[in-house]
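Below: one structure, written as structure tokens.
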Amino acid sequence: MNLNKRALFLIIPVVFLSFLVASSAFYWSLEKTIRGLEENRLELAITELTTSFHQYSTFAESYLEATLQNTALRRFLSSQDSQYKQVSLGTAITKATGKFKHHRSDRLSFLIVDHINMEKPKEQFFFEISDDPFSNLSSGLRRDYESFIASNNSRVWGYTQEPDGTGKITTSRIVDRITLFEPTDIASNNSVLLQLAVEPTRYLELKKSLIETYQADISYNKVLPNNSYAFRNKAYLGPGEVLFIDVPESYLTERLLPVRATIILVSIALFFVSALILLHLVKRYITGPIESLESQLSNVVDQHQDNISISHIGNDEVGRLQRTFHKLYGELATAYKRTKQLAERDPLTQLHNMSYIHEQAANAIEEAREKDECVALIYIDLDNFKFVNDKYGHDVGDALLQAFAARLSSAVRSEDLVCSKKMPLASPGRIAGDEFSVVVRGIHDATVPEQIGKRVLSLFKEGFHFDKGQFPVSASIGISMYPADGDTLAELLANADNAMYQAKDNGKNSIAFYSKELATSMRRRMEIEHELHNMDTDKEFYLVYMPLVATKNNSVDGFEVLLRWNSPKLGFVGPDEFVPIAERCGLFEKIDNWVTENAMRQYAQLKESLGRDFKLSINLSSAQLNLNLIGHRLIELIKQHKIPSHCIQLEMTETLSVEFSRQANQFLELLREQGFNVAIDDFGTGHTALLQLVEYPADMIKFDKTFVEKAMEPTNRAMLGPLVSLCHSQGLKVTVEGVETKEMASYLTDIGCDYLQGYYFGKPAKLEDLKLENF
Amino acid sequence: MIRYLSWEKTITTCTLACLISFSFSYPRNSLADTLVVFNWEDYLSDEVIARWEKKSGHKIKQIYYDGNENRDSVLVAIGNDTTEIDILIADETATPSFGTIGTLLSVNAYESTPNIHLVDKKWDKVCGAYGVPYLWGTLGVAYRSDKVTSAPTSWDILFNPPPLLSGHIGWLDESIDTLAPALFLANNDINTRDPDTLRAAFEKTKRALPHILTFQYSLSYLDSSVRQISKPAEKELYLAMSYSGDQDSLNEQSGTDLWQYTTLDEGTISWVDCLAVLKNSSRKALAFDFINFLYQPENAAQNSLDAYTATPMSQAKSLQPIDFQNDSTVYPGDTLDRSQPYLPMDNATAVLRRRITSTLEKLHESK
């Protein structure tokens, strides 16, 4: 139950009860008031009724009095009977009614009775003013005057009820026909009775409406009627005439019914209005702020807003609660941010760390699956970073990583990306060491990953330059795509990694997309790697020797020892294939050692077969790793096998030479001081300037087969001679590899090359297969 | 007969008291020269008065009434008392009645009035022993010829008037006249004493009340309307129960020639007014002198002409212009065959008829 509902359940009964009590009390008081009012109203009506009645009786008196003053009456009573006096009296009576217009009477009659002292009095004149000119004296009026005569009074007032429910106020006199005064002797012959009867029309109407209004019982009893009634009132109409009006309970009930209904309706309406207002106020000022706080908290939890808003809040409990929450959440958020940072970011570069890359990539793949989009995983490996690290120290290496991370972040900013419909989202991360990744989601344009890759590559135009200097670092980039290249991050990562190696193989600072072919070669590479790790070196490796012919005497001056691998599982594996693999997976040192040891060991045997000392040329791939260690081992070995150091020539690749640090140079100098020969191998495959090369501490330079083939072409031939001369001038002997014809051999001899090497002189062969007699 | 009262208020409110105070407030001698006539207005030729005043050197003063009831009230009030009224002109029923109760002087007691015997013999009995035939006429309707295009022929026009006339009808308030139209239509005796016949006539007349504009005598009504200057159109009188000769006064009143008079097919009342001398008149000799002068044929002719009412004296008629003599509204021919005279009533009927007219007026007022 939420607070609003609770407020509803708390407020409604209380308000309802209050209204019930209040409206009941109001009703009871109102009932009392209405009863009082009704009693007053009845009182008023009775007063009006009584007044009206008395007005009529006064009117009757006055009228009779006025008639007594009328000459027509005097004439009528005093003169002989004639129709003129009768009509005249009628006219006089008619005219007189006109003077009493305020006392409307539908029936007014005037009667003159003569011979009242006799047994049968004579109704001498009867004139009635009504709607019926043919009406006669009513039985009621006749009884009235008869009883009047019997009463022996000279004047009487009365109310005569007619059988039809109407009534008349009668006022009667007995007068002397001559004097029109009260007769001294009522029984005299001269006494005549005058009766004026007035129907009190207004009074009758009032009475009728009173009865209708109150449904009242009206009685003229002189004793109290025995009715049940709500309240009673009485009108004193005259001596002995009392009108009782009993208002029944049902009248009051009827009056109270609409009042009750109104009170109930108004109470209900007010109850609802009050309840609504109360609920609104509670909602507005109590539950509302709490709800708002709760909703804000929800929003904050759901990260729809940063923190609870504390503007426009009061200093009440909710406001304080809000402030406390704000403070609490602020602290929590800071802690959370820090934790999240730690959890998601690589501390060094502030890029996403591997675990977050995982999470992010998984989300991206899930999203792409739903939206039918592509995700690209760009795998970046910094070439030669280790070199930088070793040479300049970890501080510089870390700084380089940081600088690269910053540039990577800005380089992959999605807003800079060309895109067709939808902005792809590229987020960079650091996998480990010098390996970085960029997860690109929302890809609709297949060229986007490559664009990003190129952008990254462009950071390494001439090595990597940042505030600590310029460094010979480049990037190899492998790209794999969901869904083409894998469904999981692990697959994509492995495939991008493979593609990256492909890129490295392609000559570094390049981009490679993962492909099926790449996959095959990678499998092969992995097989080779596996075998390299698990092989029985002595059984599977063997050495072959390639003669090195000196041109000065056209005799074999030495041999370049080459490694061959015959794997029981893979068959013959060429050195071009396995050596880079071995280098990459850290086996080259082991291999170098094996080659060096075996070659040294076989030296004596070969010397014996050859019958003289010779130059043994050994390729050193691992030299770049641990120069000092190699140096010491070499010195140990020549001592062990009693080989003069000048008979050992150490070949290093051109690329490595160029990349040699000053430390390496010192090492080479050291080796040369010990008597070793140093040769720069594979000249012509890289792009190193010759002038730059010759400054290195080396004894010999070996022109690569491909370089020579190119140089032997007629157009280039002219440069070969001066090149050899240049080397010579720097104290470098020149060896040319890949000599396959006699013509080539003689030409090279002619231009001054010191040594030749190639199939023309003999293919590389095992020691036992060497046909030493030819040399 | 021109029954016009110019100071009707005076007569209705001042009746007996006025007349009595009148008699006491003026010394006898100063009045000896003035003859007082109680009459309808315009019912005595000014020309004739002037001639007599010139001849005798005395004056004539008239007191007017506008209805029989008024007249009767005054006369009843006077009773047998001494009065300033010398000559009464009243209808043929009132004259014998008042004669009987002693208000009037018997014609036999008239001295030196030979001319009254010039009245045609056939009228001899009409006024009885207490009066001399004065002028005679009929009862019909006066109507405005611009509103009623063809002369009405039936009393029914009063009960079922065309819509235009409804609410514009004048009715007479007289004990006989009021019920006469209903009784004519029912082919009954206008003087009937039968209560049932009267009740039927009363009920029928009651049904005509919505069409009735007024119970006031047409001339009085028109006069009061002239005096009030603007009577609204709905209060205009188009048709009224009238006595022959009234149309002349109505035209005179309204300054037009629109008013016409006609009798109606179901019958008419032929009435005769009588001239009588009051028994208690103190100027009887002067009255006789005037009467004798009035009944000289040339004066009678002039009086009849000015009142636009027929004279009962052939000798006088023959002196009148031929056009007048031939005017059928003045001297009707055939109509008289269907005429009924006013007859004396018994007391009960008189009171009943008084109650009926009162009731009708009361009902009309309350509408």
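Lettering and numbering for the structure tokens are positional, with chains as A, B, ... in the shown order, residues counted from 1 in each chain, and ligands counted from 1 in the shown order.
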
Practice problem: Find the residues in chain B near chain A: any atom within 7 Å counts, using only C-alpha atoms. Write them as a PyMOL selection string. | Solution: chain B and resi 72-73+76-77+346-347+350-352+354-356+359

Mind dumping the selected residues with all heavy atoms as a short mmCIF file (atom, residue, chain, number, x, y, z; two decimals), in the first residue's frame?
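Resulting contents of out-v3.cif:
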```
data_model
loop_
_atom_site.label_atom_id
_atom_site.label_comp_id
_atom_site.auth_asym_id
_atom_site.auth_seq_id
_atom_site.Cartn_x
_atom_site.Cartn_y
_atom_site.Cartn_z
N ASP B 72 -85.81 56.67 -9.96
CA ASP B 72 -86.73 56.11 -8.97
C ASP B 72 -86.22 56.33 -7.55
O ASP B 72 -86.99 56.63 -6.64
CB ASP B 72 -86.93 54.61 -9.23
CG ASP B 72 -87.66 54.37 -10.54
OD1 ASP B 72 -88.16 55.36 -11.13
OD2 ASP B 72 -87.70 53.20 -11.00
N SER B 73 -84.89 56.18 -7.39
CA SER B 73 -84.33 56.37 -6.05
C SER B 73 -84.62 57.77 -5.54
O SER B 73 -84.98 57.96 -4.38
CB SER B 73 -82.81 56.15 -6.07
OG SER B 73 -82.56 54.83 -6.41
N VAL B 76 -88.32 58.01 -4.77
CA VAL B 76 -88.67 57.28 -3.55
C VAL B 76 -88.21 58.08 -2.34
O VAL B 76 -88.92 58.21 -1.34
CB VAL B 76 -88.07 55.87 -3.58
CG1 VAL B 76 -88.17 55.22 -2.20
CG2 VAL B 76 -88.80 55.02 -4.60
N ALA B 77 -87.05 58.64 -2.49
CA ALA B 77 -86.50 59.41 -1.38
C ALA B 77 -87.38 60.63 -1.08
O ALA B 77 -87.61 60.96 0.09
CB ALA B 77 -85.08 59.86 -1.72
N ASP B 346 -94.84 43.37 -10.57
CA ASP B 346 -95.10 43.15 -9.15
C ASP B 346 -93.81 43.35 -8.39
O ASP B 346 -92.70 43.38 -8.98
CB ASP B 346 -95.66 41.75 -8.92
CG ASP B 346 -94.69 40.69 -9.27
OD1 ASP B 346 -94.00 40.83 -10.37
OD2 ASP B 346 -94.49 39.74 -8.50
N ASN B 347 -93.92 43.47 -7.10
CA ASN B 347 -92.74 43.77 -6.28
C ASN B 347 -91.64 42.73 -6.38
O ASN B 347 -90.48 43.04 -6.53
CB ASN B 347 -93.15 43.91 -4.81
CG ASN B 347 -93.98 45.15 -4.61
OD1 ASN B 347 -94.04 46.01 -5.51
ND2 ASN B 347 -94.62 45.25 -3.45
N ALA B 350 -89.87 42.90 -9.59
CA ALA B 350 -89.03 44.09 -9.64
C ALA B 350 -87.73 43.86 -8.87
O ALA B 350 -86.63 44.18 -9.35
CB ALA B 350 -89.78 45.29 -9.04
N VAL B 351 -87.84 43.30 -7.64
CA VAL B 351 -86.64 43.03 -6.85
C VAL B 351 -85.76 41.99 -7.55
O VAL B 351 -84.52 42.14 -7.63
CB VAL B 351 -87.02 42.56 -5.43
CG1 VAL B 351 -85.80 42.09 -4.67
CG2 VAL B 351 -87.72 43.68 -4.68
N LEU B 352 -86.40 40.97 -8.11
CA LEU B 352 -85.64 39.92 -8.80
C LEU B 352 -84.89 40.50 -9.99
O LEU B 352 -83.68 40.24 -10.18
CB LEU B 352 -86.58 38.80 -9.25
CG LEU B 352 -85.91 37.65 -10.01
CD1 LEU B 352 -84.82 37.00 -9.15
CD2 LEU B 352 -86.94 36.61 -10.44
N ARG B 354 -84.05 43.48 -10.37
CA ARG B 354 -82.98 44.35 -9.87
C ARG B 354 -81.76 43.51 -9.51
O ARG B 354 -80.62 43.87 -9.80
CB ARG B 354 -83.49 45.11 -8.62
CG ARG B 354 -82.43 46.04 -8.03
CD ARG B 354 -82.25 47.27 -8.93
NE ARG B 354 -80.99 47.94 -8.62
CZ ARG B 354 -79.86 47.76 -9.30
NH1 ARG B 354 -79.86 46.93 -10.34
NH2 ARG B 354 -78.76 48.41 -8.97
N ARG B 355 -82.02 42.38 -8.89
CA ARG B 355 -80.92 41.50 -8.52
C ARG B 355 -80.21 40.95 -9.76
O ARG B 355 -78.98 40.82 -9.78
CB ARG B 355 -81.43 40.34 -7.66
CG ARG B 355 -81.67 40.74 -6.21
CD ARG B 355 -82.16 39.59 -5.37
NE ARG B 355 -81.19 38.51 -5.24
CZ ARG B 355 -81.44 37.36 -4.62
NH1 ARG B 355 -82.65 37.15 -4.09
NH2 ARG B 355 -80.51 36.44 -4.53
N ILE B 356 -81.03 40.67 -10.81
CA ILE B 356 -80.42 40.12 -12.04
C ILE B 356 -79.48 41.13 -12.68
O ILE B 356 -78.33 40.82 -13.01
CB ILE B 356 -81.52 39.68 -13.04
CG1 ILE B 356 -82.21 38.42 -12.51
CG2 ILE B 356 -80.93 39.43 -14.42
CD1 ILE B 356 -83.45 38.01 -13.28
N THR B 359 -76.43 41.56 -10.66
CA THR B 359 -75.53 40.41 -10.78
C THR B 359 -74.77 40.46 -12.11
O THR B 359 -73.54 40.24 -12.15
CB THR B 359 -76.33 39.10 -10.67
OG1 THR B 359 -77.06 39.13 -9.46
CG2 THR B 359 -75.40 37.91 -10.70
#
```

Which residues come within 10 Å of Ala307 in chain B, counting only C-alpha atoms, excluding same-chain residues fewer than 4 positions away, as a short mmCIF file (atom, residue, chain, number, x, y, z; two decimals) with C-alpha atoms, in the first residue's frame?
```cif
data_model
loop_
_atom_site.label_atom_id
_atom_site.label_comp_id
_atom_site.auth_asym_id
_atom_site.auth_seq_id
_atom_site.Cartn_x
_atom_site.Cartn_y
_atom_site.Cartn_z
CA MET B 1 -85.68 60.27 -26.51
CA ILE B 2 -82.41 61.64 -25.41
CA ARG B 3 -81.48 60.26 -22.10
CA GLU B 41 -80.97 65.64 -20.72
CA ASP B 42 -81.61 67.03 -24.16
CA TYR B 43 -85.15 65.85 -23.87
CA LEU B 44 -86.74 69.21 -23.75
CA SER B 45 -86.30 71.66 -26.58
CA ASP B 46 -84.22 74.67 -25.67
CA LEU B 135 -92.90 61.59 -26.60
CA GLY B 245 -83.40 59.10 -31.41
CA ASP B 246 -80.18 58.26 -29.54
CA ASP B 248 -78.83 61.78 -33.33
CA SER B 249 -77.26 62.61 -29.98
CA ALA B 301 -93.71 69.77 -33.08
CA GLN B 302 -90.59 71.76 -32.29
CA ASN B 303 -89.94 69.82 -29.08
CA THR B 311 -94.74 63.18 -30.83
#
```

Quiz item: If you run DSSP on the backbone, which residues of range 508-694 of chain A are helix (DSSP H, G or I), as number ranges by chain?
Solution: A: 516-534, 537-540, 575-584, 588-610, 622-624, 627-640, 645-647, 654-659, 662-673, 690-694

Just list the residues in range 219-347 of chain A DSSP gives strand (DSSP E) on the backbone, as a short mmCIF file (atom, residue, chain, number, x, y, z; two decimals) with all heavy atoms, in the first residue's frame.
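Printed below is selection-v9.cif as written:
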```cif
data_model
loop_
_atom_site.label_atom_id
_atom_site.label_comp_id
_atom_site.auth_asym_id
_atom_site.auth_seq_id
_atom_site.Cartn_x
_atom_site.Cartn_y
_atom_site.Cartn_z
N SER A 219 -61.50 22.17 13.41
CA SER A 219 -62.82 21.96 14.04
C SER A 219 -63.21 23.22 14.79
O SER A 219 -62.37 23.96 15.28
CB SER A 219 -62.74 20.75 14.97
OG SER A 219 -61.53 20.79 15.71
N PHE A 231 -48.41 19.75 15.99
CA PHE A 231 -48.61 20.92 16.82
C PHE A 231 -50.00 21.49 16.52
O PHE A 231 -50.61 21.19 15.50
CB PHE A 231 -47.53 21.99 16.66
CG PHE A 231 -47.20 22.32 15.24
CD1 PHE A 231 -47.91 23.28 14.53
CD2 PHE A 231 -46.15 21.67 14.58
CE1 PHE A 231 -47.59 23.58 13.25
CE2 PHE A 231 -45.83 21.97 13.28
CZ PHE A 231 -46.56 22.94 12.61
N ARG A 232 -50.47 22.30 17.43
CA ARG A 232 -51.87 22.75 17.35
C ARG A 232 -51.89 24.25 17.55
O ARG A 232 -51.09 24.81 18.28
CB ARG A 232 -52.67 22.06 18.43
CG ARG A 232 -53.95 22.77 18.83
CD ARG A 232 -54.70 22.02 19.89
NE ARG A 232 -55.38 20.88 19.31
CZ ARG A 232 -56.12 20.03 20.02
NH1 ARG A 232 -56.24 20.17 21.32
NH2 ARG A 232 -56.74 19.02 19.44
N ASN A 233 -52.84 24.86 16.88
CA ASN A 233 -53.05 26.27 17.14
C ASN A 233 -54.54 26.52 17.09
O ASN A 233 -55.30 25.72 16.53
CB ASN A 233 -52.31 27.13 16.11
CG ASN A 233 -51.85 28.43 16.74
OD1 ASN A 233 -52.60 29.05 17.51
ND2 ASN A 233 -50.64 28.84 16.41
N LYS A 234 -54.96 27.61 17.65
CA LYS A 234 -56.39 27.87 17.62
C LYS A 234 -56.66 29.35 17.34
O LYS A 234 -55.85 30.23 17.66
CB LYS A 234 -57.07 27.42 18.91
CG LYS A 234 -56.37 27.83 20.20
CD LYS A 234 -57.08 27.14 21.35
CE LYS A 234 -56.48 27.55 22.70
NZ LYS A 234 -55.59 26.56 23.26
N ALA A 235 -57.76 29.53 16.68
CA ALA A 235 -58.17 30.89 16.33
C ALA A 235 -59.46 31.20 17.08
O ALA A 235 -60.41 30.44 16.99
CB ALA A 235 -58.38 30.98 14.82
N TYR A 236 -59.42 32.33 17.79
CA TYR A 236 -60.63 32.75 18.50
C TYR A 236 -61.41 33.66 17.59
O TYR A 236 -61.02 34.79 17.31
CB TYR A 236 -60.26 33.47 19.80
CG TYR A 236 -59.57 32.56 20.77
CD1 TYR A 236 -58.18 32.54 20.87
CD2 TYR A 236 -60.32 31.71 21.60
CE1 TYR A 236 -57.54 31.68 21.74
CE2 TYR A 236 -59.68 30.85 22.48
CZ TYR A 236 -58.31 30.84 22.56
OH TYR A 236 -57.68 29.99 23.42
N LEU A 237 -62.51 33.16 17.06
CA LEU A 237 -63.26 33.90 16.06
C LEU A 237 -64.31 34.81 16.70
O LEU A 237 -64.70 35.82 16.16
CB LEU A 237 -63.92 32.95 15.08
CG LEU A 237 -62.93 32.01 14.36
CD1 LEU A 237 -63.68 31.07 13.46
CD2 LEU A 237 -61.91 32.81 13.56
N GLY A 238 -64.73 34.39 17.81
CA GLY A 238 -65.76 35.18 18.47
C GLY A 238 -66.13 34.45 19.74
O GLY A 238 -65.57 33.40 20.03
N GLU A 241 -66.61 30.78 19.73
CA GLU A 241 -66.22 30.20 18.44
C GLU A 241 -64.71 30.04 18.39
O GLU A 241 -63.98 31.01 18.24
CB GLU A 241 -66.68 31.10 17.28
CG GLU A 241 -68.17 31.20 17.11
CD GLU A 241 -68.80 29.94 16.53
OE1 GLU A 241 -68.04 29.10 15.99
OE2 GLU A 241 -70.02 29.78 16.63
N VAL A 242 -64.24 28.81 18.57
CA VAL A 242 -62.80 28.56 18.55
C VAL A 242 -62.50 27.58 17.41
O VAL A 242 -63.15 26.55 17.29
CB VAL A 242 -62.31 27.97 19.88
CG1 VAL A 242 -60.79 27.83 19.85
CG2 VAL A 242 -62.73 28.86 21.03
N LEU A 243 -61.52 27.98 16.63
CA LEU A 243 -61.13 27.14 15.49
C LEU A 243 -59.83 26.45 15.85
O LEU A 243 -58.82 27.09 16.10
CB LEU A 243 -60.93 28.02 14.25
CG LEU A 243 -60.56 27.31 12.97
CD1 LEU A 243 -61.74 26.52 12.45
CD2 LEU A 243 -60.12 28.32 11.92
N PHE A 244 -59.91 25.13 15.94
CA PHE A 244 -58.69 24.37 16.25
C PHE A 244 -58.05 23.89 14.96
O PHE A 244 -58.73 23.34 14.10
CB PHE A 244 -59.03 23.16 17.12
CG PHE A 244 -59.36 23.55 18.52
CD1 PHE A 244 -60.67 23.72 18.95
CD2 PHE A 244 -58.32 23.78 19.43
CE1 PHE A 244 -60.96 24.09 20.24
CE2 PHE A 244 -58.62 24.15 20.74
CZ PHE A 244 -59.94 24.30 21.14
N ILE A 245 -56.75 24.11 14.86
CA ILE A 245 -56.02 23.60 13.69
C ILE A 245 -54.94 22.66 14.16
O ILE A 245 -54.01 23.06 14.88
CB ILE A 245 -55.44 24.75 12.86
CG1 ILE A 245 -56.59 25.54 12.27
CG2 ILE A 245 -54.55 24.23 11.76
CD1 ILE A 245 -56.22 26.88 11.76
N ASP A 246 -55.12 21.39 13.83
CA ASP A 246 -54.15 20.38 14.25
C ASP A 246 -53.32 19.97 13.06
O ASP A 246 -53.84 19.40 12.10
CB ASP A 246 -54.88 19.17 14.82
CG ASP A 246 -55.66 19.56 16.06
OD1 ASP A 246 -55.33 20.61 16.64
OD2 ASP A 246 -56.58 18.82 16.43
N VAL A 247 -52.05 20.29 13.14
CA VAL A 247 -51.17 19.94 12.01
C VAL A 247 -50.60 18.55 12.26
O VAL A 247 -49.97 18.32 13.29
CB VAL A 247 -50.03 20.97 11.86
CG1 VAL A 247 -49.10 20.56 10.76
CG2 VAL A 247 -50.63 22.34 11.60
#
```

Practice problem: Tell me which protein, DNA and RNA residues are within 9 Å of Met526 in chain A, counting only C-alpha atoms, leaving out same-chain ones fewer than 5 positions away, and put them as an NGL selection string. | Solution: :A and (521 or 531 or 581)

Output file for the selection above: N, CA, C and O atoms, as a PDB file, in the first residue's frame:
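To be explicit, this is the file written out as selection_17.pdb:
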```
ATOM      1  N   SER A 521      46.712 -20.211 -42.502  1.00  0.00           N
ATOM      2  CA  SER A 521      48.134 -19.994 -42.242  1.00  0.00           C
ATOM      3  C   SER A 521      48.391 -19.865 -40.758  1.00  0.00           C
ATOM      4  O   SER A 521      49.412 -20.318 -40.260  1.00  0.00           O
ATOM      5  N   GLU A 531      54.736 -27.473 -32.321  1.00  0.00           N
ATOM      6  CA  GLU A 531      55.809 -28.432 -32.546  1.00  0.00           C
ATOM      7  C   GLU A 531      57.148 -27.886 -32.048  1.00  0.00           C
ATOM      8  O   GLU A 531      57.960 -28.625 -31.474  1.00  0.00           O
ATOM      9  N   ILE A 581      58.266 -17.552 -36.557  1.00  0.00           N
ATOM     10  CA  ILE A 581      57.368 -18.042 -35.511  1.00  0.00           C
ATOM     11  C   ILE A 581      58.143 -18.224 -34.223  1.00  0.00           C
ATOM     12  O   ILE A 581      57.721 -17.822 -33.135  1.00  0.00           O
TER      13      ILE A 581
END
```

Quiz item: Could you name the residues that touch range 305-312 of chain A at 10 Å or less, counting only C-alpha atoms, but leaving out those on the same chain fewer than 2 positions away, as number ranges by chain?
Solution: A: 292-303, 314-315, 319-320, 322-330, 333

Self-check item: CA of Phe761 in chain A to CA of Pro714 in chain A, straight-line distance in Å
Solution: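 Separating CA of Pro714 in chain A from CA of Phe761 in chain A is a distance of 23.5 Å.
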
Practice problem: Extract, using only C-alpha atoms, all DNA, RNA and protein residues at most 7 Å from range 178-188 of chain B, discarding same-chain residues fewer than 5 positions from it, and format them as a ChimeraX atom specification. | Solution: /B:155,172-173,201-202,204-205,266-267,357

Self-check item: Residues within 8 Å of Val15 in chain A, only C-alpha atoms, excluding chain neighbours under 4 positions, as a PyMOL selection string
Solution: chain A and resi 11+19+271+274-275

Self-check item: For Pro344 in chain B: contacts at 12 Å, only C-alpha atoms, fewer than 6 positions along chain excluded, given as a list in words
Solution: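 My reading of the contact set: Ser82, Gln83 and Tyr84 of chain A; Asp91, Glu92, Thr93, Ala94, Thr95, Pro96, Ser97, Phe98, Thr100, Val126, Cys127, Gly128, Ser175, Ile176, Ile190, Asn191, Thr192, Arg193 and Ala350 of chain B.
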
For the residues selected in the previous step, produce a file with N, CA and C atoms as a compact mmCIF listing (two decimals), in the first residue's frame.
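Produced file part.txt, reproduced below:
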```txt
# COMPACT_ATOMS: atom_id res chain seq x y z
N SER A 82 -94.31 49.31 -1.73
CA SER A 82 -94.34 49.52 -3.18
C SER A 82 -93.05 48.97 -3.76
N GLN A 83 -93.10 48.65 -5.03
CA GLN A 83 -91.90 48.06 -5.65
C GLN A 83 -90.74 49.05 -5.72
N TYR A 84 -91.09 50.32 -5.78
CA TYR A 84 -90.01 51.30 -5.89
C TYR A 84 -89.15 51.33 -4.65
N ASP B 91 -91.19 57.26 -17.64
CA ASP B 91 -91.80 56.31 -18.57
C ASP B 91 -93.21 55.95 -18.13
N GLU B 92 -93.92 55.20 -19.00
CA GLU B 92 -95.34 54.91 -18.82
C GLU B 92 -95.64 53.95 -17.67
N THR B 93 -94.58 53.26 -17.14
CA THR B 93 -94.86 52.40 -15.99
C THR B 93 -94.57 53.11 -14.68
N ALA B 94 -93.50 53.91 -14.73
CA ALA B 94 -93.14 54.61 -13.49
C ALA B 94 -94.20 55.66 -13.14
N THR B 95 -94.72 56.30 -14.18
CA THR B 95 -95.66 57.40 -13.94
C THR B 95 -96.89 56.93 -13.13
N PRO B 96 -97.61 55.90 -13.57
CA PRO B 96 -98.76 55.47 -12.77
C PRO B 96 -98.34 54.98 -11.38
N SER B 97 -97.16 54.31 -11.30
CA SER B 97 -96.73 53.77 -10.02
C SER B 97 -96.50 54.89 -9.02
N PHE B 98 -95.75 55.88 -9.46
CA PHE B 98 -95.47 56.99 -8.54
C PHE B 98 -96.75 57.76 -8.26
N THR B 100 -99.66 56.32 -8.03
CA THR B 100 -100.37 55.51 -7.07
C THR B 100 -99.87 55.74 -5.65
N VAL B 126 -102.29 55.33 -21.81
CA VAL B 126 -100.92 54.85 -21.60
C VAL B 126 -100.30 55.41 -20.33
N CYS B 127 -100.44 56.67 -20.11
CA CYS B 127 -99.79 57.27 -18.95
C CYS B 127 -100.67 57.21 -17.68
N GLY B 128 -101.85 56.67 -17.84
CA GLY B 128 -102.72 56.52 -16.70
C GLY B 128 -103.25 57.87 -16.21
N SER B 175 -84.28 47.30 -15.77
CA SER B 175 -84.87 46.03 -15.34
C SER B 175 -85.56 45.29 -16.49
N ILE B 176 -86.23 46.02 -17.39
CA ILE B 176 -86.87 45.36 -18.53
C ILE B 176 -85.90 45.24 -19.69
N ILE B 190 -91.49 40.31 -22.77
CA ILE B 190 -90.39 41.04 -22.13
C ILE B 190 -90.75 41.41 -20.69
N ASN B 191 -92.04 41.42 -20.38
CA ASN B 191 -92.47 41.78 -19.02
C ASN B 191 -92.69 40.55 -18.16
N THR B 192 -92.19 39.41 -18.60
CA THR B 192 -92.50 38.15 -17.93
C THR B 192 -92.18 38.20 -16.44
N ARG B 193 -93.02 37.46 -15.65
CA ARG B 193 -92.77 37.36 -14.23
C ARG B 193 -92.33 35.95 -13.87
N ALA B 350 -89.87 42.90 -9.59
CA ALA B 350 -89.03 44.09 -9.64
C ALA B 350 -87.73 43.86 -8.87
```

Exercise. Enter the distance from CA of Asn70 in chain B to CA of Gln340 in chain B, in Å, rounded to one decimal.
Key: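 If I compute the distance from CA of Asn70 in chain B to CA of Gln340 in chain B, I get 23.8 Å.
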